[in-house]
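Chemist: Contents are JSON, C-alpha atoms and all ligand atoms; file name query_15.json:
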[["chain", "number", "residue", "atom", "x", "y", "z"],
["A", 15, "MET", "CA", 47.29, 92.84, 110.59],
["A", 16, "GLY", "CA", 50.76, 93.79, 109.34],
["A", 17, "ALA", "CA", 53.62, 91.47, 108.47],
["A", 18, "LEU", "CA", 55.36, 92.11, 111.77],
["A", 19, "LEU", "CA", 52.25, 91.33, 113.81],
["A", 20, "ALA", "CA", 51.63, 88.18, 111.78],
["A", 21, "ALA", "CA", 55.21, 87.08, 112.39],
["A", 22, "LEU", "CA", 54.87, 87.82, 116.11],
["A", 23, "ALA", "CA", 51.58, 85.91, 116.26],
["A", 24, "ASP", "CA", 53.40, 82.93, 114.77],
["A", 25, "LEU", "CA", 55.90, 83.15, 117.60],
["A", 26, "VAL", "CA", 53.61, 83.63, 120.56],
["A", 27, "LEU", "CA", 50.35, 81.87, 119.65],
["A", 28, "PRO", "CA", 49.99, 78.11, 119.55],
["A", 29, "VAL", "CA", 50.40, 77.22, 115.89],
["A", 30, "SER", "CA", 49.44, 74.30, 113.77],
["A", 31, "CYS", "CA", 51.35, 72.82, 110.86],
["A", 32, "ALA", "CA", 50.57, 74.72, 107.65],
["A", 33, "GLY", "CA", 50.49, 71.43, 105.75],
["A", 34, "CYS", "CA", 48.39, 69.10, 107.90],
["A", 35, "GLU", "CA", 47.13, 71.27, 110.79],
["A", 36, "ARG", "CA", 48.83, 69.05, 113.37],
["A", 37, "PRO", "CA", 49.04, 71.29, 116.46],
["A", 38, "ALA", "CA", 52.14, 72.87, 117.96],
["A", 39, "GLU", "CA", 54.42, 72.85, 114.94],
["A", 40, "ALA", "CA", 54.55, 75.52, 112.22],
["A", 41, "TRP", "CA", 55.77, 72.98, 109.66],
["A", 42, "CYS", "CA", 55.99, 69.35, 110.73],
["A", 43, "ASP", "CA", 58.60, 66.75, 109.74],
["A", 44, "PRO", "CA", 56.19, 64.44, 107.85],
["A", 45, "CYS", "CA", 54.96, 67.39, 105.72],
["A", 46, "ALA", "CA", 58.55, 68.53, 105.11],
["A", 47, "ALA", "CA", 59.50, 65.00, 104.02],
["A", 48, "ALA", "CA", 56.43, 64.66, 101.76],
["A", 49, "VAL", "CA", 57.15, 67.95, 100.00],
["A", 50, "ALA", "CA", 60.90, 67.29, 99.70],
["A", 51, "ALA", "CA", 60.17, 63.95, 98.00],
["A", 52, "TRP", "CA", 58.62, 65.62, 94.93],
["A", 53, "ALA", "CA", 60.88, 66.06, 91.93],
["A", 54, "PRO", "CA", 60.24, 69.18, 89.81],
["A", 55, "ALA", "CA", 58.24, 68.47, 86.64],
["A", 56, "ARG", "CA", 56.93, 70.24, 83.53],
["A", 57, "ALA", "CA", 53.48, 71.74, 83.97],
["A", 58, "VAL", "CA", 51.38, 72.12, 80.83],
["A", 59, "PRO", "CA", 48.09, 74.02, 81.20],
["A", 60, "ARG", "CA", 45.27, 72.83, 78.90],
["A", 61, "PRO", "CA", 44.58, 74.82, 76.80],
["A", 62, "CYS", "CA", 48.13, 76.13, 76.65],
["A", 63, "PRO", "CA", 48.11, 79.93, 76.09],
["A", 64, "PRO", "CA", 50.15, 81.15, 73.10],
["A", 65, "GLY", "CA", 53.59, 82.44, 74.06],
["A", 66, "LEU", "CA", 53.73, 80.54, 77.35],
["A", 67, "PRO", "CA", 57.36, 79.68, 78.11],
["A", 68, "PRO", "CA", 58.08, 76.16, 79.39],
["A", 69, "VAL", "CA", 56.82, 75.94, 82.98],
["A", 70, "VAL", "CA", 58.54, 73.82, 85.63],
["A", 71, "ALA", "CA", 56.76, 73.25, 88.96],
["A", 72, "SER", "CA", 58.35, 72.03, 92.17],
["A", 73, "GLY", "CA", 55.23, 69.98, 92.88],
["A", 74, "PRO", "CA", 51.46, 69.74, 92.58],
["A", 75, "TYR", "CA", 49.14, 72.32, 94.15],
["A", 76, "ALA", "CA", 47.84, 69.75, 96.61],
["A", 77, "GLY", "CA", 48.38, 68.39, 100.08],
["A", 78, "PRO", "CA", 50.97, 70.04, 102.32],
["A", 79, "LEU", "CA", 52.39, 72.26, 99.55],
["A", 80, "ARG", "CA", 48.94, 73.78, 98.96],
["A", 81, "GLY", "CA", 48.48, 74.24, 102.71],
["A", 82, "ALA", "CA", 51.85, 75.95, 103.04],
["A", 83, "LEU", "CA", 51.20, 78.30, 100.09],
["A", 84, "LEU", "CA", 47.78, 79.28, 101.44],
["A", 85, "ALA", "CA", 49.16, 79.91, 104.93],
["A", 86, "PHE", "CA", 52.04, 81.94, 103.50],
["A", 87, "LYS", "CA", 49.94, 84.05, 101.13],
["A", 88, "GLU", "CA", 46.61, 84.40, 102.86],
["A", 89, "ARG", "CA", 47.56, 84.21, 106.52],
["A", 90, "GLY", "CA", 50.95, 85.96, 106.43],
["A", 91, "ARG", "CA", 52.91, 82.94, 107.71],
["A", 92, "HIS", "CA", 56.21, 84.32, 106.45],
["A", 93, "GLY", "CA", 58.14, 81.74, 108.46],
["A", 94, "LEU", "CA", 57.38, 79.41, 105.53],
["A", 95, "ALA", "CA", 59.24, 81.64, 103.04],
["A", 96, "GLY", "CA", 62.54, 79.77, 103.42],
["A", 97, "MET", "CA", 60.99, 76.37, 102.76],
["A", 98, "LEU", "CA", 58.85, 77.64, 99.86],
["A", 99, "GLY", "CA", 61.81, 79.52, 98.39],
["A", 100, "SER", "CA", 63.89, 76.33, 98.50],
["A", 101, "ARG", "CA", 61.10, 74.47, 96.72],
["A", 102, "LEU", "CA", 60.97, 77.19, 94.07],
["A", 103, "ALA", "CA", 64.76, 76.89, 93.65],
["A", 104, "THR", "CA", 64.39, 73.22, 92.64],
["A", 105, "ALA", "CA", 62.43, 74.33, 89.55],
["A", 106, "VAL", "CA", 64.98, 76.93, 88.41],
["A", 107, "GLY", "CA", 67.67, 74.81, 86.73],
["A", 108, "PRO", "CA", 71.29, 75.69, 85.98],
["A", 109, "GLY", "CA", 72.82, 79.13, 86.53],
["A", 110, "PRO", "CA", 73.72, 81.84, 86.16],
["A", 111, "VAL", "CA", 70.13, 83.00, 86.45],
["A", 112, "LEU", "CA", 68.22, 86.20, 87.01],
["A", 113, "LEU", "CA", 64.95, 85.42, 88.78],
["A", 114, "VAL", "CA", 62.13, 87.77, 87.79],
["A", 115, "PRO", "CA", 59.13, 87.51, 90.13],
["A", 116, "VAL", "CA", 55.63, 88.14, 88.82],
["A", 117, "PRO", "CA", 54.76, 91.31, 90.74],
["A", 118, "ALA", "CA", 51.89, 91.53, 93.18],
["A", 119, "THR", "CA", 49.33, 94.29, 92.67],
["A", 120, "SER", "CA", 49.61, 96.90, 95.40],
["A", 121, "ALA", "CA", 46.16, 95.90, 96.68],
["A", 122, "ALA", "CA", 47.20, 92.25, 96.85],
["A", 123, "ALA", "CA", 50.49, 93.20, 98.52],
["A", 124, "ARG", "CA", 48.58, 95.10, 101.22],
["A", 125, "GLN", "CA", 46.14, 92.24, 101.68],
["A", 126, "ARG", "CA", 48.90, 89.63, 101.70],
["A", 127, "TYR", "CA", 51.35, 91.24, 104.11],
["A", 128, "GLY", "CA", 53.77, 92.40, 101.41],
["A", 129, "ASP", "CA", 54.88, 91.36, 97.93],
["A", 130, "HIS", "CA", 55.06, 87.64, 98.60],
["A", 131, "MET", "CA", 56.68, 86.70, 95.27],
["A", 132, "ALA", "CA", 59.54, 89.17, 95.72],
["A", 133, "LEU", "CA", 60.14, 87.55, 99.11],
["A", 134, "LEU", "CA", 60.04, 84.01, 97.67],
["A", 135, "ALA", "CA", 62.36, 85.01, 94.82],
["A", 136, "ARG", "CA", 64.93, 86.33, 97.30],
["A", 137, "HIS", "CA", 64.75, 83.09, 99.31],
["A", 138, "ALA", "CA", 65.04, 81.00, 96.13],
["A", 139, "ALA", "CA", 68.11, 82.97, 95.01],
["A", 140, "ARG", "CA", 69.68, 82.44, 98.42],
["A", 141, "ALA", "CA", 68.97, 78.68, 98.26],
["A", 142, "LEU", "CA", 70.53, 78.52, 94.76],
["A", 143, "ARG", "CA", 73.64, 80.43, 95.81],
["A", 144, "ALA", "CA", 74.02, 78.07, 98.77],
["A", 145, "ARG", "CA", 74.24, 75.25, 96.19],
["A", 146, "GLY", "CA", 76.86, 77.15, 94.19],
["A", 147, "VAL", "CA", 74.42, 78.37, 91.49],
["A", 148, "GLU", "CA", 74.92, 82.00, 90.51],
["A", 149, "ALA", "CA", 71.52, 83.64, 91.09],
["A", 150, "ALA", "CA", 70.17, 87.15, 91.50],
["A", 151, "VAL", "CA", 66.71, 88.75, 91.56],
["A", 152, "GLY", "CA", 65.58, 91.41, 89.07],
["A", 153, "GLN", "CA", 62.32, 93.33, 89.28],
["A", 154, "PRO", "CA", 61.79, 95.01, 85.91],
["A", 155, "LEU", "CA", 58.00, 94.69, 86.14],
["A", 156, "ARG", "CA", 55.19, 96.33, 88.02],
["A", 157, "ALA", "CA", 51.55, 95.41, 88.32],
["A", 158, "LEU", "CA", 48.96, 97.92, 87.21],
["A", 159, "PRO", "CA", 45.85, 98.53, 89.30],
["A", 160, "ARG", "CA", 43.16, 96.13, 88.15],
["A", 161, "ALA", "CA", 39.96, 94.50, 89.17],
["A", 162, "ASP", "CA", 40.01, 91.09, 90.79],
["A", 163, "SER", "CA", 40.10, 88.44, 88.04],
["A", 164, "THR", "CA", 38.93, 85.41, 90.00],
["A", 165, "HIS", "CA", 35.37, 85.66, 88.65],
["A", 166, "LEU", "CA", 36.48, 85.84, 85.00],
["A", 167, "SER", "CA", 36.38, 83.04, 82.45],
["A", 168, "VAL", "CA", 39.63, 81.56, 81.11],
["A", 169, "GLU", "CA", 39.28, 83.60, 77.87],
["A", 170, "GLU", "CA", 38.62, 86.81, 79.78],
["A", 171, "ARG", "CA", 41.62, 86.14, 82.00],
["A", 172, "HIS", "CA", 43.87, 85.84, 78.93],
["A", 173, "ARG", "CA", 42.62, 89.19, 77.66],
["A", 174, "THR", "CA", 42.97, 91.05, 80.95],
["A", 175, "ALA", "CA", 46.33, 89.48, 81.96],
["A", 176, "GLY", "CA", 48.04, 91.32, 79.08],
["A", 177, "ALA", "CA", 46.91, 94.68, 80.45],
["A", 178, "ALA", "CA", 47.83, 93.92, 84.05],
["A", 179, "PHE", "CA", 51.60, 94.58, 84.00],
["A", 180, "ALA", "CA", 54.05, 97.19, 82.78],
["A", 181, "VAL", "CA", 57.83, 97.40, 82.62],
["A", 182, "ARG", "CA", 59.81, 99.76, 84.80],
["A", 183, "PRO", "CA", 62.04, 101.29, 82.12],
["A", 184, "GLY", "CA", 64.73, 102.22, 84.65],
["A", 185, "ARG", "CA", 65.13, 98.56, 85.63],
["A", 186, "LEU", "CA", 65.61, 97.20, 82.09],
["A", 187, "PRO", "CA", 69.33, 98.02, 81.65],
["A", 188, "ALA", "CA", 70.27, 95.86, 84.66],
["A", 189, "VAL", "CA", 68.31, 92.93, 83.19],
["A", 190, "ARG", "CA", 69.94, 93.39, 79.76],
["A", 191, "ASP", "CA", 73.37, 93.56, 81.44],
["A", 192, "ALA", "CA", 72.68, 90.27, 83.24],
["A", 193, "LEU", "CA", 71.61, 88.68, 79.94],
["A", 194, "SER", "CA", 74.72, 89.85, 78.11],
["A", 195, "ALA", "CA", 76.82, 88.54, 81.00],
["A", 196, "GLY", "CA", 75.37, 85.09, 80.26],
["A", 197, "ALA", "CA", 72.53, 84.85, 82.79],
["A", 198, "ALA", "CA", 69.20, 83.29, 81.81],
["A", 199, "VAL", "CA", 65.99, 85.03, 82.82],
["A", 200, "VAL", "CA", 63.64, 82.73, 84.74],
["A", 201, "LEU", "CA", 60.18, 84.02, 85.59],
["A", 202, "VAL", "CA", 59.06, 82.93, 89.04],
["A", 203, "ASP", "CA", 55.55, 82.67, 90.42],
["A", 204, "ASP", "CA", 53.78, 80.80, 93.18],
["A", 205, "ILE", "CA", 51.08, 78.82, 91.36],
["A", 206, "VAL", "CA", 50.38, 78.16, 87.69],
["A", 207, "THR", "CA", 46.75, 77.52, 86.81],
["A", 208, "THR", "CA", 45.78, 78.68, 83.29],
["A", 209, "GLY", "CA", 49.22, 80.10, 82.46],
["A", 210, "ALA", "CA", 47.60, 83.41, 81.41],
["A", 211, "THR", "CA", 49.70, 85.55, 83.74],
["A", 212, "LEU", "CA", 53.01, 83.87, 82.88],
["A", 213, "SER", "CA", 52.38, 84.10, 79.13],
["A", 214, "ALA", "CA", 51.40, 87.79, 79.44],
["A", 215, "VAL", "CA", 54.50, 88.62, 81.46],
["A", 216, "ALA", "CA", 56.77, 86.65, 79.09],
["A", 217, "ASP", "CA", 55.21, 88.54, 76.11],
["A", 218, "LEU", "CA", 55.81, 91.85, 77.81],
["A", 219, "LEU", "CA", 59.48, 91.04, 78.48],
["A", 220, "ARG", "CA", 59.93, 89.68, 74.94],
["A", 221, "GLY", "CA", 58.51, 92.94, 73.58],
["A", 222, "ASN", "CA", 61.29, 94.72, 75.47],
["A", 223, "GLY", "CA", 64.01, 92.49, 74.06],
["A", 224, "ILE", "CA", 64.25, 90.16, 77.04],
["A", 225, "SER", "CA", 63.85, 86.45, 76.36],
["A", 226, "VAL", "CA", 62.69, 84.15, 79.13],
["A", 227, "ARG", "CA", 64.31, 80.71, 79.38],
["A", 228, "HIS", "CA", 61.41, 79.24, 81.34],
["A", 229, "ALA", "CA", 59.05, 79.88, 84.21],
["A", 230, "ALA", "CA", 59.58, 78.26, 87.60],
["A", 231, "VAL", "CA", 56.65, 77.93, 89.98],
["A", 232, "VAL", "CA", 56.24, 76.47, 93.44],
["A", 233, "ALA", "CA", 53.12, 74.50, 92.52],
["A", 234, "ALA", "CA", 51.03, 73.61, 89.50],
["A", 235, "ALA", "CA", 47.27, 73.18, 89.64],
["A", 236, "THR", "CA", 47.54, 70.86, 86.61],
["A", 237, "LEU", "CA", 50.72, 68.86, 86.69],
["A", 238, "ARG", "CA", 51.71, 66.57, 83.86],
["A", 239, "ARG", "CA", 54.84, 64.52, 84.24],
["A", 240, "ASP", "CA", 56.85, 64.54, 81.04],
["A", 241, "PRO", "CA", 59.16, 61.63, 80.36],
["B", 301, "ZN", "ZN", 52.28, 68.78, 108.77]]
Just give me the structure of the file as structure tokens.
Ligand SMILES: [Zn+2]

Modeler:
Amino acid sequence: MGALLAALADLVLPVSCAGCERPAEAWCDPCAAAVAAWAPARAVPRPCPPGLPPVVASGPYAGPLRGALLAFKERGRHGLAGMLGSRLATAVGPGPVLLVPVPATSAAARQRYGDHMALLARHAARALRARGVEAAVGQPLRALPRADSTHLSVEERHRTAGAAFAVRPGRLPAVRDALSAGAAVVLVDDIVTTGATLSAVADLLRGNGISVRHAAVVAAATLRRDP
């Protein structure tokens, strides 16, 4: 089913809340209030992969936030993009910023009704600008075709994550221009688990002369609250 059909299905079929499955509402008030009550916090994977930039998560990968992310990614509920993008924006920090989404593989993008992180990054930038924070989205990266990594061990994931992305050389000058104009590069992703992907992407950017201030994610599978 394509993105348009999924969006239409959301409109015409009886829906349930993505957070708690209460019928008849796509995203209910109690779930919205529960998610809005979380303050962003540092997420530190254990073990922490070398080269991982500081990671800030808008909340834990649990409860209604987990439900909303799953519905958005796996069931094409793109009506949740605004809410999830606003959550992501809370983890971004001061501007000016250039948000760089971790790219979806083309297979994942087909399966998931489009490049969901590019969509979330655009919504996050919009939410930031609405608060007066200068924010833009840059996409200097592309994902390379690769096998599914879900069955791999943590060590294997670290090894394969490095080979999973490449830069788009034509997109680098715009990123360098933003940096020299004073913007900070913030990597954005949906969920941090082992941190392997974020550290690989940060390494790749660093190798091309682009430093990453931090990574902002919607949810962290392991969330530690720093004082
Ligand atoms: Zn709910």

Chemist: Residues of chain A that approach ligand ZN 301 (chain B) to 10 Å or less, counting only C-alpha atoms and all ligand atoms: could you list each one with the shortest pair of atoms and its distance in Å to one decimal, rows by chain and increasing residue number, as CSV?

Modeler:
residue,atom,partner,partner_atom,distance
A:Ser30,CA,B:ZN301,ZN,8.0
A:Cys31,CA,B:ZN301,ZN,4.6
A:Ala32,CA,B:ZN301,ZN,6.3
A:Gly33,CA,B:ZN301,ZN,4.4
A:Cys34,CA,B:ZN301,ZN,4.0
A:Glu35,CA,B:ZN301,ZN,6.1
A:Arg36,CA,B:ZN301,ZN,5.8
A:Pro37,CA,B:ZN301,ZN,8.7
A:Glu39,CA,B:ZN301,ZN,7.7
A:Ala40,CA,B:ZN301,ZN,7.9
A:Trp41,CA,B:ZN301,ZN,5.5
A:Cys42,CA,B:ZN301,ZN,4.2
A:Asp43,CA,B:ZN301,ZN,6.7
A:Pro44,CA,B:ZN301,ZN,5.9
A:Cys45,CA,B:ZN301,ZN,4.3
A:Ala46,CA,B:ZN301,ZN,7.3
A:Ala47,CA,B:ZN301,ZN,9.4
A:Ala48,CA,B:ZN301,ZN,9.1
A:Gly77,CA,B:ZN301,ZN,9.5
A:Pro78,CA,B:ZN301,ZN,6.7
A:Leu79,CA,B:ZN301,ZN,9.9
A:Gly81,CA,B:ZN301,ZN,9.0
A:Ala82,CA,B:ZN301,ZN,9.2

Chemist: Using only C-alpha atoms, which residue out of A:Val111, A:Gly65, A:Ala235, A:Gly93 lies closest to A:Val206?

Modeler: A:Ala235

Chemist: So which one's closest to A:Phe86, A:Ala233, A:Val215, A:Ala53, A:Leu134? Using all atoms listed in the file, please.

Modeler: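 Of A:Ala233, A:Val215, A:Ala53, A:Leu134, the one nearest A:Phe86 is A:Leu134, counting all atoms listed in the file.
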
Chemist: Quick one: distance from atom CA of A:Val189 to atom CA of A:Gly152 in Å, one decimal?

Modeler: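 Interatomic distance here is 6.7 Å.
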
Chemist: If I take atom CA of A:Ala118 and atom CA of A:Arg220, how far is one from the other in Å, to one decimal?

Modeler: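 Going from atom CA of A:Ala118 over to atom CA of A:Arg220, I get 20.0 Å.
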
Chemist: Write out as a PDB file with C-alpha atoms, keeping the file's coordinate frame each polymer residue whose atoms come within 8 Å of A:Arg60, counting only C-alpha atoms; drop sequence neighbours fewer than 2 positions from it.

Modeler:
ATOM      1  CA  VAL A  58      51.380  72.120  80.830  1.00  0.00           C
ATOM      2  CA  CYS A  62      48.130  76.130  76.650  1.00  0.00           C
ATOM      3  CA  THR A 208      45.780  78.680  83.290  1.00  0.00           C
TER       4      THR A 208
END

Chemist: What is the distance, in Å and to one decimal place, between atom CA of A:Ala214 and atom CA of A:Val232?

Modeler: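 Straight-line distance from atom CA of A:Ala214 to atom CA of A:Val232 works out to 18.6 Å.
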
Chemist: Show which residues sit within 6 Å of A:Ala197, as a ChimeraX atom specification. Count all atoms listed in the file, and ignore same-chain residues fewer than 3 positions away.

Modeler: /A:110-111,192-193

Chemist: Considering all atoms listed in the file, can you say which of A:His92, A:Val147, A:Leu113, A:Arg156 comes closest to A:Gly128?

Modeler: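 Closest to A:Gly128 of all the choices is A:His92.
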
Chemist: Please work out which residues fall within 12 Å of (57.6, 83.8, 93.2), coordinates as given in the file, with only C-alpha atoms counting, and return them as a ChimeraX atom specification.

Modeler: /A:71-72,83,86-87,95,98-103,105-106,113-118,129-139,151-153,200-206,212,229-233

Chemist: Nearest to A:Ala195 among A:Pro64, A:Gly73, A:Gly109, A:Gly96, with distances taken over all atoms listed in the file: which residue is it?

Modeler: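 Distance minimum relative to A:Ala195 lands on A:Gly109.
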
Chemist: Restricting the calculation to all atoms listed in the file: of A:Gly196, A:Pro61, A:Pro154, A:Pro159, which residue gets closest to A:Pro183?

Modeler: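 Comparing A:Gly196, A:Pro61, A:Pro154, A:Pro159 against A:Pro183, the winner is A:Pro154.
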
Chemist: From the list A:Arg190, A:Trp52, A:Val69, A:Val181, which residue is nearest A:Leu112 when using all atoms listed in the file?

Modeler: A:Arg190
